[in-house]
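A quick write-up on the structure given underneath.
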Amino acid sequence: MNKLWRNIWYNISIWLYLAGVAVYSIFNNKVRKMWKGERQAFQVLQDEVDPSAQYVWFHAASLGEFEQGRPLIELFRKECPQYKILLTFFSPSGYEVRKNYEGADIVCYLPLDTIANARRFLRLIRPVAAFFIKYEFWYNYLHILKHRNVPVYSVSSIFRPGQVFFKWYGRSYAAVLECFTHFFVQNDESRRLLAGLGLHNVSIVGDTRFDRVLQIKKAAKQLPLVEAFCRGGQTEERHSQVFVAGSSWQPDEDIFTAFFNRHPEWKIIIAPHVIDEDHLQRIESSLKGRSLRYTRTTEAEATQAQCLIIDCFGLLSSIYRYADVCYVGGGFGAGIHNVVEAAVWQKPVIFGPNNARFQEAQGLKAVGGGLEIESTDDFDAIMNRFIGKPETRRQAGDNAGKYVSDRAGATQTIFHHVCNGNSLITGHNT
């Protein structure tokens with residue numbers, strides 16, 4: 001397929017997608033927020049862009065990618081104050097949570113990738129450099145950035161043979177990858193796949209997510225209510241073992257609640273991925289021991305419960321520190337959530353079988369810090385081994401923590417590659 005037809009088909013697909021979003025937004029609140037936010041983005045930019053400033057543009061699809069890119073954003077803010085930061089999101093799950101993020105000068109949605117939107121957006125911003133976090137390959141934005149000689153970097157990206165770029169029918173679309181100035185990839189397979197397309201502007205630096213979880217650990221909150229729950233009425237040392245389940249779904253909960261109904265000597269903290277009344281009530285009804293909700297209890301009441309249900313957001317990364325054993329949900333559904341957020345605390349991490357696409361889960365399994373389960377029997381066997389041999393649990397936790405700490409440093413590597421004496425190596429905007 002020649003370049004003209006490739007452009008035509010891509011832009012037709014974007015317009016069809018745009019029409020679908022417009023219709024679906026009538027029925028879905030999340031899609032409606034995205035639709036409205038994208039339409040308002042240009043007004044935000046017109047109101048807030050400083051024409052005399054130089055902007056570095058960071059784009060993250062959603063909250064997870066933002067957290068991956070956050071260490072690099074904040075390093076730029078600290079080391080290169082002469083530049084202003086523009087942060088864009090595609091998904092409401094990122095924008096709605098971080099729209100007031102103080103590390104950026106402007107935060108908005110990214111208008112959909114039509115030719116007209118991309119031209120208008122880039123004329124307003126005139127970025128001196130652009131950073132796309134992990135999985136973002138917008139055809140029109142990238143080609144116009146290349147035409148303007150703006151350096152474009154792919155951060156913490158990871159490529160797999162199953163992606164469209166490496167299929168016979170996707171080779172024409174793979175031309176979009178030629179728009180990147182440099183790829184900072186997570187592993188050697190990504191480097192090899194890109195080399196197969198003739199792309200050698202690649203550095204294997206690892207994942208900036210490791211730097212982020214170490215930042216989070218350093219800034220973790222003290223949670224007196226959780227500490228009182230773990231102590232169980234004791235003045236200093238707790239007398240129970242503590243199990244923390246983060247981002248759990250019902251299939252995850254069905255597995256571990258069965259075990260703890262037989263082991264009331266354990267205390268359980270559950271931070272479900274979905275916080276709604278039906279889900280919280282279902283968790284409560286599945287447990288024999290007394291369970292309380294974080295926002296509805298006192299420290300005195302918490303000491304008498306077996307289960308503490310975290311019915312709010314923003315605490316999980318700090319709560320993992322209180323665990324003896326951690327569980328990260330999602331592995332019986334679309335895929336596991338953030339396992340390194342638990343592993344950084346030197347805790348063994350259990351997760352479900354859908355983890356093959358997650359390099360950090362594979363790495364934790366390889367070093368003995370992550371443990372995969374496929375059934376209730378698997379979970380019971382792991383927990384019984386940890387109970388019978390506490391040193392096995394401690395060793396698994398040490399392995400998990402070392403896996404994370406050994407992989408820190410990607411942020412500094414990227415920063416020093418793209419900067420020269422605290423000034424970006426830039427092209428010439430036209």
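Letters A, B, ... go to the chains of the structure tokens in the order shown; residues in each chain start at 1; ligands are counted from 1 in the same order.
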Contact check, range 115-229 of chain A to range 337-359 of chain A, at most 10 Å, counting only C-alpha atoms, closest pairs as JSON lines:
```
{"residue": "A:Ile158", "atom": "CA", "partner": "A:Gln359", "partner_atom": "CA", "distance": 9.1}
{"residue": "A:Arg160", "atom": "CA", "partner": "A:Arg357", "partner_atom": "CA", "distance": 8.8}
{"residue": "A:Gln186", "atom": "CA", "partner": "A:Gln359", "partner_atom": "CA", "distance": 8.7}
{"residue": "A:Asn187", "atom": "CA", "partner": "A:Gln359", "partner_atom": "CA", "distance": 8.8}
{"residue": "A:Asp207", "atom": "CA", "partner": "A:Gln359", "partner_atom": "CA", "distance": 9.7}
{"residue": "A:Arg209", "atom": "CA", "partner": "A:Val340", "partner_atom": "CA", "distance": 8.2}
{"residue": "A:Phe210", "atom": "CA", "partner": "A:Val340", "partner_atom": "CA", "distance": 7.2}
{"residue": "A:Arg212", "atom": "CA", "partner": "A:Glu341", "partner_atom": "CA", "distance": 9.0}
{"residue": "A:Val213", "atom": "CA", "partner": "A:Glu341", "partner_atom": "CA", "distance": 5.7}
{"residue": "A:Leu214", "atom": "CA", "partner": "A:Val344", "partner_atom": "CA", "distance": 6.8}
{"residue": "A:Ile216", "atom": "CA", "partner": "A:Glu341", "partner_atom": "CA", "distance": 8.4}
{"residue": "A:Lys217", "atom": "CA", "partner": "A:Val344", "partner_atom": "CA", "distance": 7.3}
```
Original post:
Which of range 62-294 of chain A counts as strand (DSSP E or B) under DSSP, as an MDAnalysis selection string please?
Top reply: chainID A and resid 84:89 106:109 129:133 152:157 182:185 202:204 241:248 266:272 291:293
message = Which residues are near range 301-306 of chain A? Cut-off 6 Å, only C-alpha atoms, ignore same chain within fewer than 6 positions. Put them as a list in words.
response =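 The residues that qualify are Ala228, Phe229, Gly232, Gly233, Lys267, Gly289, Arg290 and Ser291 of chain A.
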Written selection (C-alpha atoms) as an mmCIF file, in the first residue's frame:
```
data_model
loop_
_atom_site.group_PDB
_atom_site.id
_atom_site.type_symbol
_atom_site.label_atom_id
_atom_site.label_comp_id
_atom_site.auth_asym_id
_atom_site.auth_seq_id
_atom_site.Cartn_x
_atom_site.Cartn_y
_atom_site.Cartn_z
ATOM 1 C CA ALA A 228 -3.985 0.042 64.465
ATOM 2 C CA PHE A 229 -5.774 -2.623 62.421
ATOM 3 C CA GLY A 232 -5.008 -5.722 66.592
ATOM 4 C CA GLY A 233 -5.159 -3.940 69.939
ATOM 5 C CA LYS A 267 -5.739 -10.120 59.029
ATOM 6 C CA GLY A 289 -14.811 -12.624 60.161
ATOM 7 C CA ARG A 290 -15.751 -9.041 60.930
ATOM 8 C CA SER A 291 -14.947 -6.638 58.131
#
```
Notebook entry, point to check: Near Phe259 in chain A, counting only C-alpha atoms, which residues have an atom at most 12 Å away, once you skip same-chain residues fewer than 4 positions from it, shown as an NGL selection string?
Noted result: :A and (243 or 252-255 or 263-268 or 286-288 or 375-384)
For this session: Could you pull out the residues in range 86-168 of chain A that DSSP calls alpha helix (DSSP H) from the backbone, as number ranges by chain?
Result: A: 92-98, 115-125, 139-147
Between CA of Phe90 in chain A and CA of Ala61 in chain A lies a distance of 4.7 Å
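Nearest residue to Thr208 in chain A, choosing from A:Ala104, A:Ile144, A:Ile270, A:Ile133 and counting only C-alpha atoms: A:Ile133.
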* **Of the listed residues A:Val176, A:Ser248, A:Pro272, A:Leu316, that which approaches Gln222 in chain A most closely, counting only C-alpha atoms** =>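 Checking each candidate against Gln222 in chain A, we get A:Leu316 as the closest.
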task = Measure the distance from CA of Tyr294 in chain A to CA of Ile310 in chain A in Å and round it to one decimal.
result =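 For CA of Tyr294 in chain A relative to CA of Ile310 in chain A, the distance reads 5.1 Å.
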**Asked** Could you state the separation of CA of Tyr55 in chain A and CA of Ile85 in chain A in Å, given to one decimal place?
**Response**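 These atoms are spaced 5.6 Å apart.
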A:Ala60, A:Leu292, A:Val49, A:Val185: which is nearest Asn201 in chain A, counting only C-alpha atoms?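 Residue with the minimum atom-to-atom distance to Asn201 in chain A: A:Val185.
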- Task: Find the residues around Trp57 in chain A up to 9 Å (only C-alpha atoms counted), leave out those fewer than 4 positions away in its own chain, and share them as a PyMOL selection string.
- Result: chain A and resi 84-88+125+127-132
